[in-house]
Structures are given as C-alpha cells and as structure tokens.
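query20.tsv follows (TSV, C-alpha atoms and all ligand atoms):
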```tsv
chain	number	residue	atom	x	y	z
Y	14	MET	CA	-3.82	-0.23	-27.19
Y	15	LYS	CA	-6.29	1.59	-24.95
Y	16	ALA	CA	-5.01	3.43	-21.90
Y	17	ILE	CA	-6.06	5.88	-19.24
Y	18	LEU	CA	-4.10	9.06	-19.95
Y	19	CYS	CA	-3.29	12.10	-17.87
Y	20	LYS	CA	-2.95	14.82	-20.54
Y	21	GLN	CA	-3.23	17.71	-18.08
Y	22	HIS	CA	-2.78	17.64	-14.32
Y	23	GLY	CA	-5.97	17.64	-12.30
Y	24	PRO	CA	-8.49	15.51	-10.42
Y	25	PRO	CA	-9.53	12.02	-11.60
Y	26	GLU	CA	-12.28	13.52	-13.85
Y	27	SER	CA	-9.58	15.05	-16.06
Y	28	LEU	CA	-8.26	11.60	-17.07
Y	29	VAL	CA	-9.18	10.32	-20.55
Y	30	TYR	CA	-9.47	6.77	-21.95
Y	31	GLU	CA	-7.88	6.74	-25.41
Y	32	ASP	CA	-5.91	4.81	-28.02
Y	33	THR	CA	-2.17	5.18	-27.67
Y	34	ALA	CA	0.95	3.48	-29.09
Y	35	ASP	CA	1.84	-0.02	-27.85
Y	36	PRO	CA	5.01	-0.07	-25.72
Y	37	THR	CA	8.18	-1.97	-26.70
Y	38	ALA	CA	10.47	-3.68	-24.18
Y	39	GLU	CA	13.99	-2.18	-24.14
Y	40	ALA	CA	16.98	-4.04	-22.64
Y	41	GLY	CA	16.26	-5.00	-19.03
Y	42	GLU	CA	12.49	-4.49	-19.42
Y	43	VAL	CA	9.42	-6.62	-20.05
Y	44	VAL	CA	6.01	-5.78	-21.50
Y	45	ILE	CA	3.02	-7.23	-19.68
Y	46	ASP	CA	-0.42	-7.62	-21.26
Y	47	VAL	CA	-2.34	-6.26	-18.31
Y	48	LYS	CA	-5.16	-8.32	-16.80
Y	49	ALA	CA	-5.58	-6.22	-13.66
Y	50	ALA	CA	-4.00	-3.14	-12.05
Y	51	GLY	CA	-3.91	-2.15	-8.37
Y	52	VAL	CA	-5.17	1.32	-7.39
Y	53	ASN	CA	-2.98	3.12	-4.88
Y	54	PHE	CA	-3.01	6.43	-3.05
Y	55	PRO	CA	0.04	7.76	-4.98
Y	56	ASP	CA	-2.03	7.45	-8.21
Y	57	THR	CA	-4.29	10.19	-6.84
Y	58	LEU	CA	-1.24	12.40	-6.19
Y	59	ILE	CA	0.72	11.84	-9.41
Y	60	ILE	CA	-2.17	13.01	-11.65
Y	61	GLU	CA	-2.33	16.26	-9.63
Y	62	ASN	CA	1.46	16.73	-9.95
Y	63	LYS	CA	1.71	16.44	-6.15
Y	64	TYR	CA	3.82	13.25	-6.00
Y	65	GLN	CA	7.60	13.05	-5.61
Y	66	PHE	CA	7.88	11.70	-9.19
Y	67	LYS	CA	6.63	14.08	-11.89
Y	68	PRO	CA	6.40	12.35	-15.30
Y	69	ASP	CA	6.13	14.37	-18.53
Y	70	LEU	CA	2.61	14.72	-19.97
Y	71	PRO	CA	0.86	12.73	-21.30
Y	72	PHE	CA	1.30	9.64	-19.15
Y	73	SER	CA	-0.79	6.79	-17.73
Y	74	PRO	CA	-0.99	6.61	-13.95
Y	75	GLY	CA	-0.90	3.19	-12.24
Y	76	GLY	CA	1.95	1.73	-10.20
Y	77	GLU	CA	1.30	-2.02	-10.15
Y	78	VAL	CA	0.01	-4.50	-12.71
Y	79	VAL	CA	-0.46	-8.20	-13.21
Y	80	GLY	CA	-0.90	-10.08	-16.47
Y	81	ILE	CA	0.88	-12.13	-19.11
Y	82	VAL	CA	4.43	-11.36	-20.22
Y	83	SER	CA	4.30	-10.58	-23.98
Y	84	GLN	CA	7.81	-9.18	-24.64
Y	85	VAL	CA	11.11	-9.82	-22.86
Y	86	GLY	CA	13.97	-7.33	-23.34
Y	87	ALA	CA	17.63	-8.34	-23.62
Y	88	GLY	CA	19.19	-9.35	-20.32
Y	89	VAL	CA	15.99	-10.43	-18.53
Y	90	LYS	CA	16.53	-14.06	-17.57
Y	91	HIS	CA	13.93	-14.85	-14.91
Y	92	LEU	CA	10.82	-14.40	-17.11
Y	93	LYS	CA	9.72	-15.64	-20.52
Y	94	LYS	CA	6.88	-14.86	-22.92
Y	95	GLY	CA	3.61	-16.33	-21.60
Y	96	ASP	CA	4.52	-16.20	-17.88
Y	97	ARG	CA	1.96	-14.88	-15.40
Y	98	ALA	CA	3.69	-12.01	-13.60
Y	99	MET	CA	3.11	-9.07	-11.29
Y	100	ALA	CA	5.17	-5.92	-11.55
Y	101	LEU	CA	5.71	-2.49	-10.10
Y	102	MET	CA	6.46	0.83	-11.70
Y	103	THR	CA	6.03	4.51	-10.88
Y	104	PHE	CA	3.37	5.08	-13.55
Y	105	GLY	CA	2.07	3.47	-16.76
Y	106	GLY	CA	-0.07	0.68	-15.28
Y	107	PHE	CA	-3.58	1.87	-16.19
Y	108	ALA	CA	-3.25	0.56	-19.76
Y	109	GLU	CA	-3.80	-2.61	-21.75
Y	110	LYS	CA	-0.02	-3.10	-22.00
Y	111	ALA	CA	2.60	-1.95	-19.53
Y	112	ARG	CA	6.35	-1.65	-19.99
Y	113	VAL	CA	8.07	-2.40	-16.67
Y	114	PRO	CA	11.62	-2.75	-15.34
Y	115	GLY	CA	12.46	-6.48	-15.42
Y	116	GLN	CA	13.79	-6.50	-11.86
Y	117	THR	CA	10.40	-5.42	-10.46
Y	118	ALA	CA	8.49	-8.17	-12.33
Y	119	LEU	CA	8.00	-11.47	-10.51
Y	120	PRO	CA	6.25	-14.68	-11.56
Y	121	ILE	CA	3.09	-15.38	-9.54
Y	122	PRO	CA	1.97	-18.75	-8.19
Y	123	GLU	CA	-0.52	-20.72	-10.34
Y	124	GLU	CA	-3.14	-20.61	-7.59
Y	125	MET	CA	-3.05	-16.80	-7.27
Y	126	PRO	CA	-5.93	-15.08	-9.11
Y	127	PHE	CA	-5.06	-11.94	-11.10
Y	128	THR	CA	-7.21	-9.76	-8.81
Y	129	ASP	CA	-5.29	-10.92	-5.69
Y	130	ALA	CA	-1.95	-10.37	-7.44
Y	131	ALA	CA	-2.88	-6.89	-8.72
Y	132	GLY	CA	-3.18	-5.53	-5.21
Y	133	PHE	CA	-0.23	-7.43	-3.81
Y	134	PRO	CA	3.26	-6.03	-4.45
Y	135	LEU	CA	3.00	-2.45	-3.23
Y	136	VAL	CA	1.06	-2.89	0.00
Y	137	TYR	CA	2.56	-6.19	1.17
Y	138	GLY	CA	6.06	-5.20	0.01
Y	139	THR	CA	5.82	-1.98	2.03
Y	140	VAL	CA	4.33	-3.59	5.11
Y	141	ILE	CA	6.77	-6.49	5.47
Y	142	TYR	CA	9.66	-4.04	5.06
Y	143	ALA	CA	8.16	-1.66	7.65
Y	144	LEU	CA	7.43	-4.34	10.26
Y	145	LYS	CA	10.44	-6.60	9.70
Y	146	GLN	CA	13.43	-4.49	8.64
Y	147	ARG	CA	12.40	-1.12	10.14
Y	148	ALA	CA	10.42	-1.77	13.36
Y	149	ARG	CA	11.82	-5.28	13.99
Y	150	LEU	CA	8.42	-6.25	15.37
Y	151	GLN	CA	8.70	-9.03	17.98
Y	152	LYS	CA	6.26	-11.77	18.92
Y	153	GLY	CA	3.99	-10.64	21.75
Y	154	GLU	CA	4.47	-6.90	21.08
Y	155	THR	CA	1.45	-4.66	20.58
Y	156	LEU	CA	1.09	-3.25	17.06
Y	157	LEU	CA	-1.27	-0.29	16.56
Y	158	VAL	CA	-2.36	0.22	12.92
Y	159	ASN	CA	-3.99	3.50	11.88
Y	160	GLY	CA	-6.16	3.66	8.74
Y	161	ALA	CA	-6.35	-0.07	9.36
Y	162	ALA	CA	-9.02	-0.88	6.77
Y	163	GLY	CA	-7.11	0.85	3.94
Y	164	GLY	CA	-4.65	-0.74	1.51
Y	165	VAL	CA	-1.44	-0.74	3.54
Y	166	GLY	CA	-3.39	-0.70	6.83
Y	167	LEU	CA	-5.20	-3.98	6.30
Y	168	ALA	CA	-1.99	-5.61	5.08
Y	169	ALA	CA	-0.32	-4.43	8.33
Y	170	VAL	CA	-3.12	-6.02	10.38
Y	171	GLN	CA	-2.65	-9.33	8.54
Y	172	LEU	CA	1.16	-9.44	8.60
Y	173	GLY	CA	1.29	-8.18	12.20
Y	174	LYS	CA	-0.83	-11.16	13.25
Y	175	ILE	CA	1.30	-13.60	11.25
Y	176	MET	CA	4.41	-12.16	12.94
Y	177	GLY	CA	2.87	-12.85	16.36
Y	178	ALA	CA	1.86	-9.36	17.50
Y	179	ARG	CA	-1.27	-8.34	19.36
Y	180	VAL	CA	-2.89	-6.04	16.81
Y	181	ILE	CA	-5.01	-2.97	17.58
Y	182	ALA	CA	-6.80	-1.73	14.45
Y	183	ALA	CA	-7.87	1.93	14.35
Y	184	ALA	CA	-10.22	3.35	11.70
Y	185	SER	CA	-12.99	5.91	11.18
Y	186	THR	CA	-16.12	3.71	11.06
Y	187	ASP	CA	-17.45	0.56	12.72
Y	188	GLU	CA	-18.00	-0.99	9.24
Y	189	LYS	CA	-14.30	-0.58	8.44
Y	190	LEU	CA	-13.36	-2.01	11.85
Y	191	ALA	CA	-15.54	-5.07	11.23
Y	192	ILE	CA	-13.37	-5.84	8.18
Y	193	CYS	CA	-10.22	-5.45	10.27
Y	194	LYS	CA	-11.69	-7.96	12.75
Y	195	GLN	CA	-12.35	-10.44	9.93
Y	196	HIS	CA	-8.67	-10.18	8.99
Y	197	GLY	CA	-7.46	-10.94	12.51
Y	198	ALA	CA	-7.34	-7.68	14.51
Y	199	ASP	CA	-7.46	-8.38	18.27
Y	200	GLU	CA	-8.74	-4.96	19.38
Y	201	LEU	CA	-10.61	-2.18	17.59
Y	202	ILE	CA	-10.60	1.61	17.98
Y	203	ASN	CA	-12.98	3.97	16.20
Y	204	TYR	CA	-11.09	7.28	16.10
Y	205	SER	CA	-14.21	9.22	15.11
Y	206	GLU	CA	-15.61	8.67	18.61
Y	207	ASP	CA	-15.58	11.38	21.28
Y	208	THR	CA	-13.06	9.64	23.54
Y	209	PRO	CA	-9.63	10.88	22.42
Y	210	PHE	CA	-7.76	8.32	20.32
Y	211	LYS	CA	-4.70	8.31	22.61
Y	212	GLU	CA	-6.91	7.50	25.64
Y	213	GLN	CA	-8.48	4.57	23.78
Y	214	VAL	CA	-5.00	3.21	22.98
Y	215	LYS	CA	-3.85	3.58	26.60
Y	216	ALA	CA	-7.01	1.85	27.87
Y	217	LEU	CA	-6.19	-1.19	25.71
Y	218	THR	CA	-2.52	-1.31	26.76
Y	219	ASP	CA	-2.69	-0.99	30.59
Y	220	GLY	CA	-1.69	2.66	30.21
Y	221	GLN	CA	1.63	1.70	28.55
Y	222	GLY	CA	0.92	2.52	24.90
Y	223	ALA	CA	1.66	0.47	21.78
Y	224	ASP	CA	5.14	-0.94	21.09
Y	225	VAL	CA	4.96	-0.35	17.34
Y	226	ILE	CA	2.66	2.11	15.57
Y	227	PHE	CA	2.05	1.88	11.81
Y	228	ASP	CA	0.79	5.25	10.58
Y	229	PRO	CA	-0.27	5.86	6.94
Y	230	VAL	CA	-2.63	8.71	7.97
Y	231	GLY	CA	-0.57	11.60	9.48
Y	232	GLY	CA	-2.22	14.78	10.81
Y	233	ASP	CA	-3.78	14.80	14.28
Y	234	ILE	CA	-3.76	11.00	14.58
Y	235	PHE	CA	0.04	10.98	14.21
Y	236	ASP	CA	0.39	13.74	16.83
Y	237	GLN	CA	-1.61	11.70	19.33
Y	238	CYS	CA	0.56	8.62	18.67
Y	239	LEU	CA	3.49	10.24	20.47
Y	240	SER	CA	1.29	10.28	23.60
Y	241	CYS	CA	0.31	6.61	23.39
Y	242	ILE	CA	3.53	4.87	22.38
Y	243	ASN	CA	5.35	2.59	24.81
Y	244	TRP	CA	8.88	3.02	26.20
Y	245	ASN	CA	11.30	1.91	23.43
Y	246	GLY	CA	8.40	2.16	20.93
Y	247	ARG	CA	8.80	2.54	17.17
Y	248	LEU	CA	6.51	4.91	15.24
Y	249	LEU	CA	6.51	4.08	11.53
Y	250	VAL	CA	5.94	7.05	9.21
Y	251	ILE	CA	4.21	5.43	6.23
Y	252	GLY	CA	2.20	8.21	4.60
Y	253	PHE	CA	-0.14	11.15	4.95
Y	254	ALA	CA	-3.53	10.05	3.65
Y	255	SER	CA	-5.18	12.76	5.79
Y	256	GLY	CA	-3.43	15.35	3.61
Y	257	THR	CA	-1.54	16.86	6.59
Y	258	ILE	CA	2.18	16.22	7.10
Y	259	PRO	CA	2.74	16.37	10.88
Y	260	SER	CA	5.81	17.46	12.84
Y	261	ALA	CA	7.07	15.14	15.57
Y	262	ALA	CA	7.55	16.85	18.97
Y	263	ALA	CA	11.17	16.09	19.94
Y	264	ASN	CA	10.43	16.33	23.69
Y	265	ARG	CA	7.91	13.48	23.38
Y	266	ILE	CA	10.38	11.36	21.42
Y	267	LEU	CA	12.89	11.88	24.25
Y	268	LEU	CA	10.42	11.20	27.09
Y	269	LYS	CA	9.13	8.00	25.45
Y	270	ASN	CA	12.64	6.83	24.54
Y	271	CYS	CA	11.06	5.99	21.20
Y	272	ALA	CA	12.11	6.05	17.55
Y	273	VAL	CA	10.23	7.78	14.73
Y	274	MET	CA	11.13	5.81	11.62
Y	275	GLY	CA	10.74	6.79	7.98
Y	276	VAL	CA	9.68	4.01	5.62
Y	277	PHE	CA	10.46	4.55	1.91
Y	278	TRP	CA	9.86	1.14	0.42
Y	279	GLY	CA	10.43	2.17	-3.22
Y	280	ARG	CA	13.98	3.31	-2.43
Y	281	PHE	CA	14.63	0.14	-0.41
Y	282	THR	CA	13.74	-2.00	-3.44
Y	283	ALA	CA	16.32	-0.08	-5.51
Y	284	LEU	CA	19.08	-0.09	-2.86
Y	285	GLU	CA	18.55	-3.58	-1.43
Y	286	PRO	CA	16.96	-5.70	-4.20
Y	287	GLU	CA	18.11	-9.01	-2.65
Y	288	ALA	CA	16.51	-8.21	0.73
Y	289	ASN	CA	13.33	-7.15	-1.08
Y	290	LEU	CA	13.30	-10.41	-3.06
Y	291	ALA	CA	13.70	-12.40	0.17
Y	292	ASN	CA	10.72	-10.50	1.60
Y	293	PHE	CA	8.62	-11.47	-1.45
Y	294	ARG	CA	9.65	-15.11	-1.16
Y	295	GLN	CA	8.39	-15.00	2.44
Y	296	LEU	CA	5.14	-13.24	1.45
Y	297	LEU	CA	4.38	-15.75	-1.32
Y	298	LYS	CA	5.12	-18.64	1.06
Y	299	TRP	CA	2.60	-17.24	3.55
Y	300	TYR	CA	0.10	-16.64	0.72
Y	301	SER	CA	0.48	-20.17	-0.68
Y	302	ALA	CA	0.08	-21.61	2.82
Y	303	GLY	CA	-3.24	-19.73	3.08
Y	304	GLU	CA	-2.05	-17.56	5.98
Y	305	PHE	CA	-3.58	-14.42	4.47
Y	306	ARG	CA	-5.64	-13.30	1.47
Y	307	PRO	CA	-5.70	-9.74	0.10
Y	308	GLU	CA	-9.03	-7.99	0.61
Y	309	VAL	CA	-10.15	-6.69	-2.79
Y	310	SER	CA	-13.29	-4.77	-1.92
Y	311	GLN	CA	-14.17	-3.64	-5.44
Y	312	THR	CA	-13.13	-4.13	-9.04
Y	313	TYR	CA	-13.70	-1.62	-11.86
Y	314	ARG	CA	-13.15	-1.86	-15.60
Y	315	LEU	CA	-10.03	-0.01	-16.78
Y	316	GLU	CA	-12.08	2.77	-18.40
Y	317	ASN	CA	-13.65	3.52	-14.98
Y	318	ALA	CA	-10.32	4.33	-13.33
Y	319	ALA	CA	-11.50	7.84	-12.37
Y	320	GLN	CA	-14.37	6.34	-10.34
Y	321	ALA	CA	-11.94	4.07	-8.49
Y	322	LEU	CA	-9.61	6.98	-7.68
Y	323	ASN	CA	-12.52	9.11	-6.46
Y	324	ASP	CA	-13.78	6.28	-4.24
Y	325	MET	CA	-10.32	6.05	-2.71
Y	326	LEU	CA	-10.22	9.82	-2.11
Y	327	ALA	CA	-13.70	9.67	-0.52
Y	328	ARG	CA	-12.41	7.07	2.01
Y	329	LYS	CA	-14.90	4.52	0.64
Y	330	ALA	CA	-12.27	1.85	-0.07
Y	331	THR	CA	-11.50	-1.04	2.21
Y	332	GLY	CA	-8.45	-3.14	1.41
Y	333	LYS	CA	-7.64	-2.82	-2.28
Y	334	LEU	CA	-9.44	-1.43	-5.31
Y	335	VAL	CA	-8.48	-3.14	-8.56
Y	336	LEU	CA	-8.99	-2.26	-12.26
Y	337	THR	CA	-9.59	-5.15	-14.63
Y	338	VAL	CA	-8.86	-5.47	-18.36
Y	339	ASP	CA	-10.79	-7.91	-20.57
Z	1	LIG	N1	6.06	4.71	2.64
Z	1	LIG	C1	5.84	3.91	1.63
Z	1	LIG	O1	6.75	3.27	1.09
Z	1	LIG	C2	4.42	3.78	1.17
Z	1	LIG	C3	4.00	2.69	0.38
Z	1	LIG	C4	2.63	2.59	0.04
Z	1	LIG	C5	1.73	3.60	0.45
Z	1	LIG	N2	2.20	4.66	1.17
Z	1	LIG	C6	1.30	5.72	1.64
Z	1	LIG	O2	0.38	5.20	2.58
Z	1	LIG	C7	-0.81	6.01	2.57
Z	1	LIG	C8	-2.01	5.10	2.49
Z	1	LIG	O3	-2.02	4.42	1.23
Z	1	LIG	P1	-3.16	3.36	0.89
Z	1	LIG	O4	-2.90	2.88	-0.49
Z	1	LIG	O5	-3.27	2.39	2.01
Z	1	LIG	O6	-4.46	4.31	0.88
Z	1	LIG	P2	-5.98	3.94	1.28
Z	1	LIG	O7	-6.29	2.54	0.90
Z	1	LIG	O8	-6.80	5.04	0.71
Z	1	LIG	O9	-5.98	4.01	2.88
Z	1	LIG	C9	-5.72	5.22	3.55
Z	1	LIG	C10	-6.56	5.27	4.81
Z	1	LIG	O10	-6.29	6.53	5.43
Z	1	LIG	C11	-7.44	6.97	6.11
Z	1	LIG	N3	-7.68	8.41	5.88
Z	1	LIG	C12	-7.70	9.35	6.83
Z	1	LIG	N4	-7.94	10.55	6.31
Z	1	LIG	C13	-8.10	10.36	4.99
Z	1	LIG	C14	-8.38	11.26	3.90
Z	1	LIG	N5	-8.55	12.58	4.11
Z	1	LIG	N6	-8.48	10.74	2.65
Z	1	LIG	C15	-8.29	9.42	2.44
Z	1	LIG	N7	-8.01	8.53	3.44
Z	1	LIG	C16	-7.92	9.01	4.70
Z	1	LIG	C17	-8.63	6.13	5.62
Z	1	LIG	O11	-9.06	5.34	6.71
Z	1	LIG	P3	-10.15	5.88	7.76
Z	1	LIG	O12	-11.33	6.39	6.97
Z	1	LIG	O13	-10.45	4.67	8.55
Z	1	LIG	O14	-9.44	6.96	8.53
Z	1	LIG	C18	-8.06	5.20	4.55
Z	1	LIG	O15	-8.56	3.89	4.68
Z	1	LIG	C19	-0.67	6.97	1.40
Z	1	LIG	O16	-0.25	8.23	1.90
Z	1	LIG	C20	0.43	6.34	0.55
Z	1	LIG	O17	1.12	7.30	-0.22
Z	1	LIG	C21	3.50	4.76	1.53
```
Can you turn what I pasted into structure tokens?
Amino acid sequence: MKAILCKQHGPPESLVYEDTADPTAEAGEVVIDVKAAGVNFPDTLIIENKYQFKPDLPFSPGGEVVGIVSQVGAGVKHLKKGDRAMALMTFGGFAEKARVPGQTALPIPEEMPFTDAAGFPLVYGTVIYALKQRARLQKGETLLVNGAAGGVGLAAVQLGKIMGARVIAAASTDEKLAICKQHGADELINYSEDTPFKEQVKALTDGQGADVIFDPVGGDIFDQCLSCINWNGRLLVIGFASGTIPSAAANRILLKNCAVMGVFWGRFTALEPEANLANFRQLLKWYSAGEFRPEVSQTYRLENAAQALNDMLARKATGKLVLTVD
C-alpha cells in the first residue's frame, strides 16, 4: 500500500509518500481500507516528536480514519468485513490501509458521507465529553468558545447550541467568525481587535463573564479568560494551539469561585468506554436528525498531507481538513 511516512522527525515537508507493507489485523483489531482521514492538530506535533505519544520511526501520522472494514481480528464482534466504519488511533491513519483497535471502530450511518465521518470522532467526541461530563453545561448558560472556527472550536459552537447554551464565538478574523455564525453562534468576538478580549466578553454578558469557557488556544487568551468568567464558572483546558502553555493564577480562581478543568478525551475513552459509546450514540442521533453537519472546509489527496498540515499550522483551516484516498 501507499502511505505518508515520517522517517525522521521534522516539519510537514519532511514527510514522504511511499510504498510500505500492508497491515494485518491482530486479535481485537480491524483493518480499514481508508477512504478519508481527518487532519488534527496533534498530527502536526507527533511528526516533530513534540506530542505525548512518541512512536518509533518510521510511522504514518493520522489519528482518525473512515473507510471499509477489510479484515476483522479474533474477538471483534461488532464489525464485519465490508462494513463502513470510522475509527480512532494515535497514529497510522495517513495510509491506504489502517490497523486500528476494534473498540475505537464504529459503524457509520448509511447517510453519512465519508468526508463527514473522517472529521467526526475526535472533535465531536472531545467536545461532547468536555461540555457534558466535564462542564455539565446547562440550558440558558453562556458558553464562550475560543478558536471557534477551528476543528474542536466549531464543534463546540454546534454542540453548545444543541445543548441550549447562548454561544459566544471568539476567533482571529471576521471571515472565521462568519462561519461560526453560519453554524449557530449567537455572538461574535474578534480577538485581533484593539479592545481587550476580556472587555468584549464582559460587554456581551452584562459584566458577569461567561459561565463555561472552552479553550483550545492557551497563551494570552487563556490568561484573559480568568478575568471574564462568571461566578461558579468552568474553564475547560482543551489545548494549546497558540504554542504557549499558560499558568492559571490561583487568586483569580478563588475570587471567581470557578473551576479550571482538564479535558483528556483520549484517556476518558480508555477508562470509561461505555460512557464514551453513549456519547457517540447521542452524537449520531443528532447527526441523523440533521441537528448539525461537520464543516469540512477543504479536502486534499493523501499524497498532499504535508500541504494540509501546513495549512492547519498557518491558521488557514476552518472546521476540518480531510485527506481523501481514491
Ligand atoms: N483535550 C483533548 O482531548 C483534545 C482533543 C482534540 C484536540 N485537542 C487540542 O485542541 C487544540 C485545537 O485542535 P484543533 O484540531 O481544533 O486545531 P485547529 O483546527 O487548528 O484549531 C485551532 C485554532 O486555534 C487558533 N490558534 C491560535 N493561535 C494559533 C496558532 N499559533 N497556530 C494555530 N492555531 C492557532 C486558530 O484560530 P484563530 O486563528 O481564530 O485564533 C485555530 O482555528 C490542539 O491543541 C489540540 O491538540 C485536545
């Protein structure tokens, strides 16, 4: 098969597109003939050896795929050869065939196109867990989403609306904010403007601040969140796309009576697989009812994976970027 390979750590340009051995499903695994693969921020980190998981070289990056099940290992009961399925893994997805743990592979509804499914599990799985199990977002609460036009950000805008919140979307350009509006955001904040971000949030919340803040950006934006969070607020630590890991000022946490909550969805799926499955049943129900559609802003052929990763790093992406395989 053909695959994108990381043979030495480095930027996306150092990836190669080469022939490599086909994978074989071991017990508990399935092999999926990949039709499309989601591009995610961790893919940009793992090839630079800056991610928490450090696979041996050479390896294919890529953490989520969708396609047709072609091999089923012993012990996997919920899938059979020929099923359409989406699956998650730490790496190995940017390839024509992917070997995945059976418990992360789920059948997809007939009406779901491969491109929608490719960008589905990681962002929506993370966001429902963050909003439901971690923040316990309530109807009528105000949800502020930073990096709101990005992968997890746009999913947070959509699911926040479905869960009955008033959603404030914050992003760096008016073009990105227009996409957030199309997906249901009630209020928009451009954090590249001169007015400080925290003042813009307060102006939209009668000076109270947001009840729940979803932050995949980190850096200065995160620091300002502790000045514009409401009493009893919950600040969700999702990621650090800005490249800067912030420190939370304990005095502000005390004064706001708020909680700063870590969200490690991958670990949740391993520790609480039943709760994760229930989340996916809910997500697919909402999807099938037409309550939301993933925003796939661009597709690339598998061999152009480096371009997709560079576009993500250059903040050009809105919603999801997806690689396709003929
Ligand atoms: N905790 C978990 O379980 C979990 C799960 C999935 C993802 N994540 C993390 O969430 C973060 C976002 O992932 P994603 O897939 O949504 O990425 P993405 O699609 O690239 O979105 C990230 C957003 O961050 C903003 N940003 C600010 N500074 C940036 C910079 N220097 N470079 C790139 N983007 C920057 C951009 O929006 P603006 O231009 O509007 O600022 C961008 O839209 C990553 O850190 C990822 O590792 C965590």
**Test item: residues lying within 7 Å of ligand LIG 1 (chain Z) with all atoms listed in the file, as a ChimeraX atom specification** = /Y:53-55,135-136,139,160-166,183-186,189,229-230,250-256,276-279,325-328,330-333
**Request:** Choose the residue, out of Y:Gln146, Y:Asn323, Y:Arg247, Y:Gly220, that has the smallest atom-to-atom separation from Glu285 of chain Y; count all atoms listed in the file.
**Result:**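 Under the stated criterion, the closest residue is Y:Gln146.
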**Request:** Just give me the gap between atom CA of Glu212 of chain Y and atom CA of Leu239 of chain Y in Å, one decimal is fine.
**Result:**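 Calculated distance between atom CA of Glu212 of chain Y and atom CA of Leu239 of chain Y is 11.9 Å.
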**Message:** Could you list, as an MDAnalysis selection string, every residue within 12 Å of Met99 of chain Y, counting all atoms listed in the file and ignoring same-chain residues fewer than 6 positions away?
**Reply:** chainID Y and resid 43:51 76:82 92 106 111:122 125:135 293
**Message:** So, with all atoms listed in the file as the atoms that count, which of Y:Lys67, Y:Lys15, Y:Lys93, Y:Lys110 lies closest to Thr37 of chain Y?
**Reply:**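 Using all atoms listed in the file, the shortest distance to Thr37 of chain Y belongs to Y:Lys110.
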**Message:** I'd like the contact shell of Met274 of chain Y - 12 Å cut-off, all atoms listed in the file, skipping same-chain residues fewer than 2 positions apart - returned as a list in words.
**Reply:**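 Residues meeting the cut-off are Tyr142, Ala143, Leu144, Gln146, Arg147, Ala148, Arg149, Val225, Ile226, Phe227, Asp228, Gly246, Arg247, Leu248, Leu249, Val250, Ile251, Gly252, Ala261, Ile266, Cys271, Ala272, Val276 and Phe277 of chain Y.
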For the residues in the current selection, export C-alpha atoms as a compact mmCIF listing (two decimals), keeping the file's coordinate frame.
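Written out: again_11.txt:
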```txt
# COMPACT_ATOMS: atom_id res chain seq x y z
CA TYR Y 142 9.66 -4.04 5.06
CA ALA Y 143 8.16 -1.66 7.65
CA LEU Y 144 7.43 -4.34 10.26
CA GLN Y 146 13.43 -4.49 8.64
CA ARG Y 147 12.40 -1.12 10.14
CA ALA Y 148 10.42 -1.77 13.36
CA ARG Y 149 11.82 -5.28 13.99
CA VAL Y 225 4.96 -0.35 17.34
CA ILE Y 226 2.66 2.11 15.57
CA PHE Y 227 2.05 1.88 11.81
CA ASP Y 228 0.79 5.25 10.58
CA GLY Y 246 8.40 2.16 20.93
CA ARG Y 247 8.80 2.54 17.17
CA LEU Y 248 6.51 4.91 15.24
CA LEU Y 249 6.51 4.08 11.53
CA VAL Y 250 5.94 7.05 9.21
CA ILE Y 251 4.21 5.43 6.23
CA GLY Y 252 2.20 8.21 4.60
CA ALA Y 261 7.07 15.14 15.57
CA ILE Y 266 10.38 11.36 21.42
CA CYS Y 271 11.06 5.99 21.20
CA ALA Y 272 12.11 6.05 17.55
CA VAL Y 276 9.68 4.01 5.62
CA PHE Y 277 10.46 4.55 1.91
```
**Item:** Y:Arg314, Y:Lys329, Y:Lys211, Y:Lys20 ranked by distance to Phe107 of chain Y, top pick (using all atoms listed in the file)
**Value:**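 Smallest separation from Phe107 of chain Y among the options: Y:Arg314.
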**Coordinates-based distance that separates atom CA of Ala198 of chain Y from atom CA of Trp299 of chain Y (Å, one decimal)** =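 We find that atom CA of Trp299 of chain Y and atom CA of Ala198 of chain Y lie 17.6 Å from each other.
Here atom CA of Lys194 of chain Y stands at a distance of 12.7 Å from atom CA of Ala169 of chain Y.
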**Asked** Which one of Y:Ser73, Y:Gln171, Y:Asn245, Y:Thr103 sits closest to Thr33 of chain Y if you count all atoms listed in the file?
**Response** Y:Ser73
**Prompt:** In terms of the shortest atom-to-atom distance over all atoms listed in the file, which of Y:Thr337, Y:Tyr300, Y:Thr57, Y:Glu287 is closest to Pro24 of chain Y?
**Reply:** Y:Thr57
**Message:** Please determine, counting only C-alpha atoms, which residue among Y:Ala283, Y:Val52, Y:Leu315, Y:Ile141 has the shortest atom-to-atom distance to Leu297 of chain Y.
**Reply:** Y:Ile141
